[in-house]
$ cat data_30.cif   # mmCIF, C-alpha atoms
data_entry
loop_
_atom_site.label_atom_id
_atom_site.label_comp_id
_atom_site.auth_asym_id
_atom_site.auth_seq_id
_atom_site.Cartn_x
_atom_site.Cartn_y
_atom_site.Cartn_z
CA MET A 1 -14.82 12.18 -15.46
CA PRO A 2 -15.46 12.12 -11.69
CA ASN A 3 -15.41 15.38 -9.75
CA LEU A 4 -13.11 15.92 -6.80
CA ILE A 5 -14.03 17.91 -3.72
CA GLU A 6 -11.24 19.54 -1.73
CA VAL A 7 -11.80 20.08 2.01
CA GLN A 8 -9.34 22.12 4.06
CA LEU A 9 -9.27 22.80 7.81
CA LYS A 10 -6.93 23.88 10.60
CA SER A 11 -5.61 20.96 12.65
CA ASP A 12 -2.29 19.61 13.93
CA ILE A 13 -3.59 16.03 14.05
CA ASP A 14 -1.16 13.27 13.05
CA ILE A 15 -2.90 11.82 10.00
CA ASN A 16 -0.92 8.58 10.40
CA ASP A 17 -2.92 7.87 13.55
CA ILE A 18 -6.31 8.15 11.85
CA GLU A 19 -8.10 4.80 11.94
CA ASP A 20 -9.02 3.54 8.48
CA THR A 21 -12.46 2.61 9.81
CA LEU A 22 -13.19 6.34 10.11
CA LEU A 23 -12.62 6.87 6.42
CA ASP A 24 -14.96 6.32 3.51
CA ASP A 25 -14.04 4.77 0.16
CA LYS A 26 -14.72 8.20 -1.35
CA VAL A 27 -11.67 9.63 0.44
CA ILE A 28 -8.92 9.84 -2.18
CA SER A 29 -6.13 11.34 -0.10
CA ILE A 30 -5.29 13.07 3.19
CA SER A 31 -2.29 15.38 3.51
CA THR A 32 -0.97 18.11 5.81
CA PHE A 33 0.86 21.38 5.24
CA GLN A 34 1.88 24.47 7.18
CA SER A 35 1.38 28.12 6.37
CA GLU A 36 2.68 30.88 8.66
CA ASP A 37 3.18 28.33 11.47
CA ILE A 38 -0.44 27.14 11.23
CA SER A 39 -1.06 23.44 10.52
CA TYR A 40 -3.70 22.45 7.98
CA VAL A 41 -5.23 19.19 6.83
CA ASN A 42 -6.25 18.77 3.19
CA ILE A 43 -8.69 16.00 2.20
CA LEU A 44 -9.79 15.05 -1.31
CA PHE A 45 -13.18 13.40 -1.71
CA LEU A 46 -14.51 11.68 -4.80
CA GLU A 47 -18.03 12.93 -5.58
CA SER A 48 -19.18 12.76 -1.94
CA LYS A 49 -22.48 14.04 -0.60
CA GLU A 50 -22.37 16.93 1.87
CA HIS A 51 -23.74 14.88 4.77
CA LEU A 52 -21.12 12.15 4.19
CA ILE A 53 -18.30 14.68 4.25
CA LYS A 54 -19.63 16.24 7.46
CA ASN A 55 -19.96 12.82 9.11
CA ILE A 56 -16.39 11.78 8.25
CA LEU A 57 -14.97 15.09 9.49
CA LYS A 58 -16.96 14.81 12.72
CA ASN A 59 -15.66 11.27 13.35
CA ILE A 60 -12.05 12.36 12.84
CA PHE A 61 -11.92 15.90 14.22
CA GLY A 62 -14.94 16.10 16.53
CA GLU A 63 -18.20 18.00 16.55
CA GLY A 64 -18.36 21.55 15.24
CA ILE A 65 -15.12 21.53 13.23
CA SER A 66 -15.00 24.42 10.72
CA TYR A 67 -13.68 23.83 7.21
CA THR A 68 -13.67 25.18 3.69
CA GLN A 69 -14.83 23.19 0.71
CA LYS A 70 -14.54 23.63 -3.04
CA ASN A 71 -15.07 21.64 -6.19
CA LEU A 72 -11.91 21.16 -8.21
CA GLU A 73 -11.94 21.92 -11.90
CA PRO A 74 -12.84 18.74 -13.80
CA LYS A 75 -9.75 17.38 -15.50
CA ASN A 76 -7.79 14.16 -15.66
CA TRP A 77 -5.97 14.63 -12.35
CA VAL A 78 -4.34 11.22 -12.64
CA ALA A 79 -2.77 12.12 -15.98
CA GLU A 80 -1.76 15.56 -14.74
CA ASN A 81 -0.08 14.17 -11.65
CA GLN A 82 1.61 11.39 -13.58
CA LYS A 83 3.59 13.96 -15.56
CA SER A 84 5.43 14.97 -12.36
CA LEU A 85 6.22 11.42 -11.19
CA LYS A 86 9.86 10.73 -11.90
CA PRO A 87 11.24 7.17 -12.14
CA VAL A 88 12.16 5.32 -8.95
CA SER A 89 15.54 3.58 -9.06
CA LEU A 90 16.54 1.01 -6.42
CA ASN A 91 19.58 -1.17 -7.00
CA SER A 92 18.87 -3.32 -10.06
CA LEU A 93 15.26 -2.15 -10.34
CA SER A 94 13.56 0.76 -12.10
CA ILE A 95 9.91 1.83 -11.78
CA HIS A 96 8.46 4.45 -14.12
CA ASN A 97 5.34 5.43 -16.07
CA ASP A 98 4.79 5.73 -19.79
CA ASN A 99 6.25 9.24 -19.84
CA TYR A 100 9.72 7.69 -19.43
CA PRO A 101 11.57 5.10 -21.54
CA LYS A 102 12.77 1.73 -20.33
CA ASN A 103 15.97 1.86 -18.31
CA LYS A 104 18.31 -0.45 -20.22
CA TYR A 105 20.84 -0.41 -17.37
CA LYS A 106 18.46 -2.04 -14.88
CA LYS A 107 17.85 -5.78 -14.65
CA ILE A 108 14.20 -5.27 -13.74
CA ASP A 109 12.24 -2.51 -15.46
CA ILE A 110 8.60 -1.99 -14.45
CA VAL A 111 6.01 0.33 -15.98
CA ILE A 112 3.26 1.50 -13.60
CA ASN A 113 0.90 4.25 -14.68
CA GLU A 114 -0.87 6.06 -11.88
CA SER A 115 -4.52 5.24 -11.22
CA ILE A 116 -6.99 5.57 -8.37
CA ALA A 117 -5.33 2.47 -6.90
CA PHE A 118 -2.36 3.00 -4.57
CA GLY A 119 1.17 2.11 -5.59
CA THR A 120 3.40 3.94 -8.04
CA GLY A 121 6.57 3.23 -6.09
CA HIS A 122 6.92 6.77 -4.74
CA HIS A 123 5.40 6.45 -1.27
CA GLU A 124 7.78 5.65 1.58
CA THR A 125 5.91 2.46 2.51
CA THR A 126 6.13 1.14 -1.04
CA ILE A 127 9.83 2.00 -1.24
CA GLY A 128 10.34 0.19 2.06
CA CYS A 129 8.57 -2.91 0.75
CA VAL A 130 10.63 -2.90 -2.44
CA ARG A 131 13.84 -2.64 -0.41
CA ALA A 132 12.65 -5.49 1.81
CA MET A 133 11.93 -7.70 -1.20
CA LEU A 134 15.35 -6.96 -2.68
CA TYR A 135 16.92 -7.73 0.71
CA ILE A 136 15.18 -11.13 0.94
CA SER A 137 16.11 -11.98 -2.66
CA LYS A 138 19.80 -11.71 -1.75
CA TYR A 139 19.54 -14.58 0.72
CA ASN A 140 16.59 -16.66 -0.43
CA ASN A 141 15.81 -17.85 -3.94
CA ASN A 142 13.29 -20.46 -2.77
CA VAL A 143 10.15 -18.32 -2.93
CA GLU A 144 7.44 -20.14 -4.87
CA GLN A 145 4.20 -18.76 -3.43
CA ILE A 146 3.66 -15.06 -2.62
CA LEU A 147 0.65 -13.31 -1.12
CA ASP A 148 0.29 -9.54 -1.52
CA ILE A 149 -2.36 -8.09 0.83
CA GLY A 150 -3.53 -4.57 -0.03
CA SER A 151 -1.99 -4.91 -3.48
CA GLY A 152 -3.19 -1.62 -5.00
CA THR A 153 -1.75 -1.29 -8.50
CA GLY A 154 -0.05 -4.68 -8.13
CA LEU A 155 3.45 -3.20 -8.14
CA LEU A 156 4.81 -5.39 -5.34
CA ALA A 157 3.17 -8.48 -6.84
CA ILE A 158 4.85 -7.71 -10.16
CA ILE A 159 8.23 -7.26 -8.46
CA GLY A 160 7.77 -10.59 -6.66
CA ALA A 161 7.00 -12.34 -9.94
CA LYS A 162 10.04 -10.83 -11.63
CA LEU A 163 12.43 -11.49 -8.74
CA TRP A 164 11.51 -15.14 -8.15
CA LYS A 165 9.35 -16.23 -11.11
CA SER A 166 6.82 -17.10 -8.41
CA LYS A 167 3.08 -17.53 -8.34
CA VAL A 168 1.64 -14.40 -6.72
CA LEU A 169 -1.85 -13.92 -5.32
CA ALA A 170 -2.63 -10.20 -5.03
CA VAL A 171 -5.73 -9.23 -3.02
CA ASP A 172 -7.37 -5.88 -2.35
CA ASN A 173 -10.73 -4.69 -1.00
CA ASP A 174 -11.11 -2.20 -3.88
CA ASN A 175 -12.33 -3.46 -7.25
CA ASN A 176 -10.51 -0.59 -8.99
CA ALA A 177 -7.26 -1.91 -7.54
CA VAL A 178 -8.01 -5.44 -8.76
CA ILE A 179 -8.60 -4.15 -12.29
CA ALA A 180 -5.44 -2.00 -12.18
CA ALA A 181 -3.31 -4.88 -10.85
CA ASN A 182 -4.46 -7.29 -13.56
CA THR A 183 -3.82 -4.65 -16.24
CA ASN A 184 -0.36 -3.83 -14.90
CA ALA A 185 0.58 -7.51 -14.63
CA LYS A 186 -0.33 -7.96 -18.29
CA ASN A 187 1.55 -4.82 -19.35
CA ASN A 188 4.67 -6.03 -17.51
CA ASN A 189 4.48 -9.55 -18.99
CA VAL A 190 3.84 -11.37 -15.70
CA SER A 191 0.12 -12.16 -16.02
CA THR A 192 0.96 -15.88 -16.03
CA TYR A 193 2.43 -15.46 -12.55
CA VAL A 194 0.17 -12.84 -10.95
CA THR A 195 -3.49 -13.36 -10.06
CA SER A 196 -5.36 -10.37 -8.64
CA LYS A 197 -8.63 -10.88 -6.75
CA TYR A 198 -11.07 -8.90 -4.64
CA ASN A 199 -10.90 -9.81 -0.96
CA ASP A 200 -11.56 -8.04 2.32
CA VAL A 201 -9.07 -9.84 4.55
CA VAL A 202 -10.65 -8.46 7.72
CA LYS A 203 -14.10 -9.83 6.90
CA SER A 204 -13.22 -12.92 4.86
CA PRO A 205 -9.62 -14.11 5.33
CA GLU A 206 -10.78 -17.68 4.74
CA LYS A 207 -11.44 -16.82 1.08
CA ILE A 208 -7.69 -16.63 0.48
CA THR A 209 -7.02 -20.16 -0.65
CA THR A 210 -4.00 -21.90 -2.14
CA ASN A 211 -2.69 -25.45 -2.39
CA SER A 212 0.19 -24.62 -0.08
CA LYS A 213 1.22 -21.99 2.44
CA PHE A 214 3.02 -18.85 1.35
CA ASP A 215 6.79 -18.43 1.30
CA LEU A 216 6.39 -14.65 1.37
CA ILE A 217 3.49 -12.50 2.56
CA VAL A 218 3.64 -8.77 1.80
CA VAL A 219 1.23 -6.50 3.70
CA ASN A 220 1.16 -2.75 3.08
CA ILE A 221 -1.96 -1.47 4.86
CA TYR A 222 -3.03 0.42 8.00
CA SER A 223 -1.50 -0.66 11.32
CA ASN A 224 -4.81 -1.43 13.04
CA THR A 225 -5.78 -3.75 10.18
CA ILE A 226 -2.42 -5.54 10.39
CA ASN A 227 -3.00 -6.13 14.09
CA LYS A 228 -6.51 -7.44 13.41
CA ILE A 229 -5.38 -10.06 10.89
CA ARG A 230 -2.07 -11.05 12.47
CA ASN A 231 -3.30 -14.56 13.32
CA GLU A 232 -4.53 -15.11 9.77
CA ILE A 233 -1.20 -13.90 8.39
CA SER A 234 0.68 -16.28 10.69
CA ASN A 235 -1.54 -19.24 9.74
CA MET A 236 -0.97 -18.68 6.01
CA LEU A 237 2.84 -18.48 6.33
CA ASP A 238 5.12 -21.40 5.57
CA LYS A 239 7.30 -22.31 8.55
CA LYS A 240 10.37 -21.13 6.64
CA GLY A 241 8.64 -18.13 5.09
CA PHE A 242 9.06 -14.36 5.38
CA ILE A 243 6.60 -11.56 6.09
CA ILE A 244 6.97 -7.94 4.98
CA LEU A 245 4.83 -5.46 6.90
CA SER A 246 4.43 -1.76 6.11
CA GLY A 247 1.91 1.08 6.18
CA PHE A 248 2.69 2.48 9.63
CA ASN A 249 5.05 4.91 11.34
CA VAL A 250 7.68 4.51 14.05
CA ASN A 251 5.15 5.22 16.81
CA GLN A 252 2.91 2.40 15.63
CA LYS A 253 5.54 -0.28 15.09
CA ARG A 254 5.93 -1.25 18.76
CA SER A 255 2.50 -2.89 19.08
CA ILE A 256 2.90 -4.66 15.74
CA GLU A 257 6.31 -6.05 16.64
CA ALA A 258 5.04 -7.22 20.04
CA ASN A 259 1.95 -8.88 18.55
CA PHE A 260 3.95 -10.85 15.99
CA ARG A 261 6.64 -11.73 18.53
CA ASN A 262 3.91 -13.35 20.62
CA LEU A 263 3.08 -15.50 17.59
CA GLY A 264 6.69 -16.71 17.35
CA ILE A 265 7.52 -14.37 14.46
CA ILE A 266 10.59 -12.17 14.90
CA ILE A 267 12.01 -9.08 13.21
CA VAL A 268 15.07 -9.71 11.05
CA LYS A 269 15.31 -6.30 9.35
CA ARG A 270 13.84 -2.81 9.63
CA PHE A 271 13.68 -0.18 6.90
CA ILE A 272 12.70 3.36 7.94
CA VAL A 273 12.01 6.03 5.31
CA ASN A 274 10.89 9.47 6.55
CA ASN A 275 9.32 8.03 9.69
CA TRP A 276 7.52 5.25 7.78
CA VAL A 277 8.49 1.72 8.79
CA THR A 278 8.83 -1.54 6.86
CA LEU A 279 9.55 -4.75 8.76
CA VAL A 280 10.98 -8.05 7.50
CA LEU A 281 9.89 -10.90 9.77
CA LYS A 282 10.51 -14.64 9.95
CA SER A 283 8.86 -17.44 11.87
CA THR A 284 10.85 -19.15 14.63
CA ILE A 285 8.38 -22.01 15.05
#
$ encode --input "data_30.cif" --output "structure tokens"
Amino acid sequence: MPNLIEVQLKSDIDINDIEDTLLDDKVISISTFQSEDISYVNILFLESKEHLIKNILKNIFGEGISYTQKNLEPKNWVAENQKSLKPVSLNSLSIHNDNYPKNKYKKIDIVINESIAFGTGHHETTIGCVRAMLYISKYNNNVEQILDIGSGTGLLAIIGAKLWKSKVLAVDNDNNAVIAANTNAKNNNVSTYVTSKYNDVVKSPEKITTNSKFDLIVVNIYSNTINKIRNEISNMLDKKGFIILSGFNVNQKRSIEANFRNLGIIIVKRFIVNNWVTLVLKSTI
């Protein structure tokens, strides 16, 4: 079982503004909290070397930052945390883990057990994407090809398959996420619809191939990455298709909206949950 290292330091930095390029794949989570009016940042590392931790902290917080560090007691943190994750209920849809039974009153019931991959349905960006997908499904049943970029556990890909019975290509730059997404698709009886593959869309967007363009592209990743691949997203979209963008806050949405507007893609709906933004966009070209 991998060990986790907890690093804690004083800082009032907005963690939503941290560039993902400054982070290492050994960073499991970043969170903030306050104690006696002092702001702290808490970072969990997965079995990282001391020099790697110091380098990441220097890149984010500057030279000479002081911090405390401790090894967490080895245990199955995923299983422990999963016990506290209550089901998510949105309209006709229910998302829960194996600790809860199927919701017989919901049309769509999805089981997602927590893993290292992101996406249990509890984060505000995921909730925003689910709401956006339900919103689109009210007005458009003609969604045959879906692309999920930054798919994590594959939750959004699974929802897309269940809503439209569509072919879904789920891509992520983390092999653990690819494994989790394929497993979850099988467990939710949509493996014939969902294909999960490894792909770094920043480095190799051309490796995303399909016989036709996508009717829906869902992107739940960092804002700077969205801006980097906006042209690729636009080129892969069917002229009548929709885009769902999330993973950023209200302060970051202005540049994203402007960049896509310049590509002839306009905002048709915004969902804001606790300062996190999800956009529904449509091409005007």
$ resolve_selection --input "data_30.cif" --expression "the PyMOL selection byres ((chain A and resi 8-14) around 6)" --output "list in words"
Val7, Ile15, Asn16, Asp17, Ser39, Tyr40, Val41, Asn42, Tyr67 and Thr68 of chain A
$ atom_distance --input "data_30.cif" --atom1 "atom CA of Ser196 of chain A" --atom2 "atom CA of Met236 of chain A"
17.4 Å
$ closest_residue --input "data_30.cif" --among "A:Ile229, A:Val201, A:Ile110, A:Ala181" --to "Pro87 of chain A" --atoms "only C-alpha atoms"
A:Ile110
$ closest_residue --input "data_30.cif" --among "A:Lys213, A:Lys49, A:Lys186, A:Lys104" --to "Ile146 of chain A" --atoms "all atoms listed in the file"
A:Lys213
$ closest_residue --input "data_30.cif" --among "A:Ser204, A:Asn262, A:Thr183, A:Ser151" --to "Val219 of chain A" --atoms "all atoms listed in the file"
A:Ser151
$ atom_distance --input "data_30.cif" --atom1 "atom CA of Leu156 of chain A" --atom2 "atom CA of Lys203 of chain A"
23.0 Å
$ resolve_selection --input "data_30.cif" --expression "the PyMOL selection byres ((chain A and resi 131) around 12)" --output "ChimeraX atom specification"
/A:88-93,121,124-130,132-138,156,159-160,244-246,269-273,277-280
$ write_last_selection --input "data_30.cif" --atoms "C-alpha atoms" --output "CSV table (one decimal), keeping the file's coordinate frame"
chain,number,residue,atom,x,y,z
A,88,VAL,CA,12.2,5.3,-9.0
A,89,SER,CA,15.5,3.6,-9.1
A,90,LEU,CA,16.5,1.0,-6.4
A,91,ASN,CA,19.6,-1.2,-7.0
A,92,SER,CA,18.9,-3.3,-10.1
A,93,LEU,CA,15.3,-2.2,-10.3
A,121,GLY,CA,6.6,3.2,-6.1
A,124,GLU,CA,7.8,5.6,1.6
A,125,THR,CA,5.9,2.5,2.5
A,126,THR,CA,6.1,1.1,-1.0
A,127,ILE,CA,9.8,2.0,-1.2
A,128,GLY,CA,10.3,0.2,2.1
A,129,CYS,CA,8.6,-2.9,0.8
A,130,VAL,CA,10.6,-2.9,-2.4
A,132,ALA,CA,12.6,-5.5,1.8
A,133,MET,CA,11.9,-7.7,-1.2
A,134,LEU,CA,15.4,-7.0,-2.7
A,135,TYR,CA,16.9,-7.7,0.7
A,136,ILE,CA,15.2,-11.1,0.9
A,137,SER,CA,16.1,-12.0,-2.7
A,138,LYS,CA,19.8,-11.7,-1.8
A,156,LEU,CA,4.8,-5.4,-5.3
A,159,ILE,CA,8.2,-7.3,-8.5
A,160,GLY,CA,7.8,-10.6,-6.7
A,244,ILE,CA,7.0,-7.9,5.0
A,245,LEU,CA,4.8,-5.5,6.9
A,246,SER,CA,4.4,-1.8,6.1
A,269,LYS,CA,15.3,-6.3,9.4
A,270,ARG,CA,13.8,-2.8,9.6
A,271,PHE,CA,13.7,-0.2,6.9
A,272,ILE,CA,12.7,3.4,7.9
A,273,VAL,CA,12.0,6.0,5.3
A,277,VAL,CA,8.5,1.7,8.8
A,278,THR,CA,8.8,-1.5,6.9
A,279,LEU,CA,9.6,-4.8,8.8
A,280,VAL,CA,11.0,-8.0,7.5
$ residues_near_point --input "data_30.cif" --point "(-0.3, -4.3, 16.2)" --cutoff "7 Å" --atoms "all atoms listed in the file" --output "list of chain:residue names"
A:Ser223, A:Asn224, A:Ile226, A:Asn227, A:Ser255, A:Ile256, A:Glu257, A:Asn259
$ closest_residue --input "data_30.cif" --among "A:Thr32, A:Asn199, A:Asn113, A:Asn71" --to "Leu46 of chain A" --atoms "all atoms listed in the file"
A:Asn71
$ resolve_selection --input "data_30.cif" --expression "the PyMOL selection byres ((chain A and resi 200) around 10)" --output "PyMOL selection string"
chain A and resi 149-150+171-174+197-199+201-208
$ atom_distance --input "data_30.cif" --atom1 "atom CA of Asn140 of chain A" --atom2 "atom CA of Leu163 of chain A"
10.6 Å
$ residues_around --input "data_30.cif" --residues "Tyr193 of chain A" --least-positions-apart "3" --cutoff "7 Å" --atoms "only C-alpha atoms" --output "JSON, numbers by chain"
{"A": [161, 166, 167, 168, 190]}
$ write_last_selection --input "data_30.cif" --atoms "C-alpha atoms" --output "JSON list (two decimals), in the frame of the given file"
[["chain", "number", "residue", "atom", "x", "y", "z"],
["A", 161, "ALA", "CA", 7.00, -12.34, -9.94],
["A", 166, "SER", "CA", 6.82, -17.10, -8.41],
["A", 167, "LYS", "CA", 3.08, -17.53, -8.34],
["A", 168, "VAL", "CA", 1.64, -14.40, -6.72],
["A", 190, "VAL", "CA", 3.84, -11.37, -15.70]]
$ closest_residue --input "data_30.cif" --among "A:Ile158, A:Ile265, A:Ile285, A:Leu57" --to "Ile112 of chain A" --atoms "all atoms listed in the file"
A:Ile158
$ residues_around --input "data_30.cif" --residues "Lys70 of chain A" --least-positions-apart "6" --cutoff "12 Å" --atoms "only C-alpha atoms" --output "ChimeraX atom specification"
/A:3-8,42-45,47-48,50
$ residues_around --input "data_30.cif" --residues "Val111 of chain A" --least-positions-apart "5" --cutoff "8 Å" --atoms "all atoms listed in the file" --output "number ranges by chain"
A: 95-98, 184, 187-188
$ residues_around --input "data_30.cif" --residues "Ala185 of chain A" --least-positions-apart "6" --cutoff "9 Å" --atoms "all atoms listed in the file" --output "PyMOL selection string"
chain A and resi 154-155+157-158+191-196
$ axis_aligned_box --input "data_30.cif" --around "segment 134-153 of chain A" --padding-each-side "3 Å" --output "AutoDock Vina command-line options"
--center_x 8.1 --center_y -10.9 --center_z -3.8 --size_x 29.3 --size_y 25.2 --size_z 15.4
$ residues_around --input "data_30.cif" --residues "Asn249 of chain A" --least-positions-apart "2" --cutoff "6 Å" --atoms "only C-alpha atoms" --output "PyMOL selection string"
chain A and resi 251-252+275-277
$ write_last_selection --input "data_30.cif" --atoms "C-alpha atoms" --output "short mmCIF file (atom, residue, chain, number, x, y, z; two decimals), in the frame of the given file"
data_model
loop_
_atom_site.label_atom_id
_atom_site.label_comp_id
_atom_site.auth_asym_id
_atom_site.auth_seq_id
_atom_site.Cartn_x
_atom_site.Cartn_y
_atom_site.Cartn_z
CA ASN A 251 5.15 5.22 16.81
CA GLN A 252 2.91 2.40 15.63
CA ASN A 275 9.32 8.03 9.69
CA TRP A 276 7.52 5.25 7.78
CA VAL A 277 8.49 1.72 8.79
#
$ build_atoms --input "data_30.cif" --residues "segment 32-61 of chain A" --atoms "N, CA and C atoms" --output "PDB file, keeping the file's coordinate frame"
ATOM      1  N   THR A  32      -1.107  16.967   4.903  1.00  0.00           N
ATOM      2  CA  THR A  32      -0.970  18.110   5.810  1.00  0.00           C
ATOM      3  C   THR A  32       0.027  19.101   5.218  1.00  0.00           C
ATOM      4  N   PHE A  33      -0.113  20.352   5.622  1.00  0.00           N
ATOM      5  CA  PHE A  33       0.860  21.380   5.240  1.00  0.00           C
ATOM      6  C   PHE A  33       0.797  22.506   6.260  1.00  0.00           C
ATOM      7  N   GLN A  34       1.819  23.332   6.260  1.00  0.00           N
ATOM      8  CA  GLN A  34       1.880  24.470   7.180  1.00  0.00           C
ATOM      9  C   GLN A  34       1.979  25.772   6.407  1.00  0.00           C
ATOM     10  N   SER A  35       1.307  26.781   6.934  1.00  0.00           N
ATOM     11  CA  SER A  35       1.380  28.120   6.370  1.00  0.00           C
ATOM     12  C   SER A  35       1.406  29.123   7.511  1.00  0.00           C
ATOM     13  N   GLU A  36       2.500  29.886   7.587  1.00  0.00           N
ATOM     14  CA  GLU A  36       2.680  30.880   8.660  1.00  0.00           C
ATOM     15  C   GLU A  36       2.507  30.230  10.032  1.00  0.00           C
ATOM     16  N   ASP A  37       3.162  29.081  10.214  1.00  0.00           N
ATOM     17  CA  ASP A  37       3.180  28.330  11.470  1.00  0.00           C
ATOM     18  C   ASP A  37       1.820  27.778  11.884  1.00  0.00           C
ATOM     19  N   ILE A  38       0.873  27.745  10.968  1.00  0.00           N
ATOM     20  CA  ILE A  38      -0.440  27.140  11.230  1.00  0.00           C
ATOM     21  C   ILE A  38      -0.526  25.825  10.458  1.00  0.00           C
ATOM     22  N   SER A  39      -0.953  24.756  11.143  1.00  0.00           N
ATOM     23  CA  SER A  39      -1.060  23.440  10.520  1.00  0.00           C
ATOM     24  C   SER A  39      -2.438  23.242   9.901  1.00  0.00           C
ATOM     25  N   TYR A  40      -2.452  22.707   8.698  1.00  0.00           N
ATOM     26  CA  TYR A  40      -3.700  22.450   7.980  1.00  0.00           C
ATOM     27  C   TYR A  40      -3.756  20.992   7.541  1.00  0.00           C
ATOM     28  N   VAL A  41      -4.981  20.510   7.404  1.00  0.00           N
ATOM     29  CA  VAL A  41      -5.230  19.190   6.830  1.00  0.00           C
ATOM     30  C   VAL A  41      -6.022  19.384   5.549  1.00  0.00           C
ATOM     31  N   ASN A  42      -5.602  18.688   4.495  1.00  0.00           N
ATOM     32  CA  ASN A  42      -6.250  18.770   3.190  1.00  0.00           C
ATOM     33  C   ASN A  42      -6.781  17.381   2.820  1.00  0.00           C
ATOM     34  N   ILE A  43      -8.073  17.283   2.526  1.00  0.00           N
ATOM     35  CA  ILE A  43      -8.690  16.000   2.200  1.00  0.00           C
ATOM     36  C   ILE A  43      -9.375  16.100   0.848  1.00  0.00           C
ATOM     37  N   LEU A  44      -9.123  15.125  -0.013  1.00  0.00           N
ATOM     38  CA  LEU A  44      -9.790  15.050  -1.310  1.00  0.00           C
ATOM     39  C   LEU A  44     -10.853  13.964  -1.273  1.00  0.00           C
ATOM     40  N   PHE A  45     -12.073  14.341  -1.638  1.00  0.00           N
ATOM     41  CA  PHE A  45     -13.180  13.400  -1.710  1.00  0.00           C
ATOM     42  C   PHE A  45     -13.581  13.201  -3.165  1.00  0.00           C
ATOM     43  N   LEU A  46     -14.036  11.999  -3.458  1.00  0.00           N
ATOM     44  CA  LEU A  46     -14.510  11.680  -4.800  1.00  0.00           C
ATOM     45  C   LEU A  46     -16.026  11.726  -4.825  1.00  0.00           C
ATOM     46  N   GLU A  47     -16.587  12.797  -5.389  1.00  0.00           N
ATOM     47  CA  GLU A  47     -18.030  12.930  -5.580  1.00  0.00           C
ATOM     48  C   GLU A  47     -18.838  12.550  -4.336  1.00  0.00           C
ATOM     49  N   SER A  48     -18.491  13.103  -3.189  1.00  0.00           N
ATOM     50  CA  SER A  48     -19.180  12.760  -1.940  1.00  0.00           C
ATOM     51  C   SER A  48     -20.315  13.726  -1.654  1.00  0.00           C
ATOM     52  N   LYS A  49     -21.364  13.219  -1.043  1.00  0.00           N
ATOM     53  CA  LYS A  49     -22.480  14.040  -0.600  1.00  0.00           C
ATOM     54  C   LYS A  49     -22.062  14.870   0.605  1.00  0.00           C
ATOM     55  N   GLU A  50     -22.717  16.015   0.779  1.00  0.00           N
ATOM     56  CA  GLU A  50     -22.370  16.930   1.870  1.00  0.00           C
ATOM     57  C   GLU A  50     -22.483  16.270   3.232  1.00  0.00           C
ATOM     58  N   HIS A  51     -23.548  15.489   3.453  1.00  0.00           N
ATOM     59  CA  HIS A  51     -23.740  14.880   4.770  1.00  0.00           C
ATOM     60  C   HIS A  51     -22.683  13.811   5.052  1.00  0.00           C
ATOM     61  N   LEU A  52     -22.182  13.140   3.998  1.00  0.00           N
ATOM     62  CA  LEU A  52     -21.120  12.150   4.190  1.00  0.00           C
ATOM     63  C   LEU A  52     -19.810  12.811   4.571  1.00  0.00           C
ATOM     64  N   ILE A  53     -19.512  13.929   3.925  1.00  0.00           N
ATOM     65  CA  ILE A  53     -18.300  14.680   4.250  1.00  0.00           C
ATOM     66  C   ILE A  53     -18.348  15.157   5.699  1.00  0.00           C
ATOM     67  N   LYS A  54     -19.483  15.731   6.092  1.00  0.00           N
ATOM     68  CA  LYS A  54     -19.630  16.240   7.460  1.00  0.00           C
ATOM     69  C   LYS A  54     -19.478  15.113   8.482  1.00  0.00           C
ATOM     70  N   ASN A  55     -20.021  13.944   8.176  1.00  0.00           N
ATOM     71  CA  ASN A  55     -19.960  12.820   9.110  1.00  0.00           C
ATOM     72  C   ASN A  55     -18.529  12.318   9.286  1.00  0.00           C
ATOM     73  N   ILE A  56     -17.780  12.226   8.175  1.00  0.00           N
ATOM     74  CA  ILE A  56     -16.390  11.780   8.250  1.00  0.00           C
ATOM     75  C   ILE A  56     -15.544  12.778   9.038  1.00  0.00           C
ATOM     76  N   LEU A  57     -15.735  14.069   8.775  1.00  0.00           N
ATOM     77  CA  LEU A  57     -14.970  15.090   9.490  1.00  0.00           C
ATOM     78  C   LEU A  57     -15.299  15.090  10.977  1.00  0.00           C
ATOM     79  N   LYS A  58     -16.571  14.868  11.319  1.00  0.00           N
ATOM     80  CA  LYS A  58     -16.960  14.810  12.720  1.00  0.00           C
ATOM     81  C   LYS A  58     -16.298  13.631  13.427  1.00  0.00           C
ATOM     82  N   ASN A  59     -16.255  12.471  12.749  1.00  0.00           N
ATOM     83  CA  ASN A  59     -15.660  11.270  13.350  1.00  0.00           C
ATOM     84  C   ASN A  59     -14.162  11.438  13.594  1.00  0.00           C
ATOM     85  N   ILE A  60     -13.499  12.198  12.720  1.00  0.00           N
ATOM     86  CA  ILE A  60     -12.050  12.360  12.840  1.00  0.00           C
ATOM     87  C   ILE A  60     -11.680  13.523  13.755  1.00  0.00           C
ATOM     88  N   PHE A  61     -12.350  14.670  13.558  1.00  0.00           N
ATOM     89  CA  PHE A  61     -11.920  15.900  14.220  1.00  0.00           C
ATOM     90  C   PHE A  61     -12.863  16.367  15.342  1.00  0.00           C
TER      91      PHE A  61
END
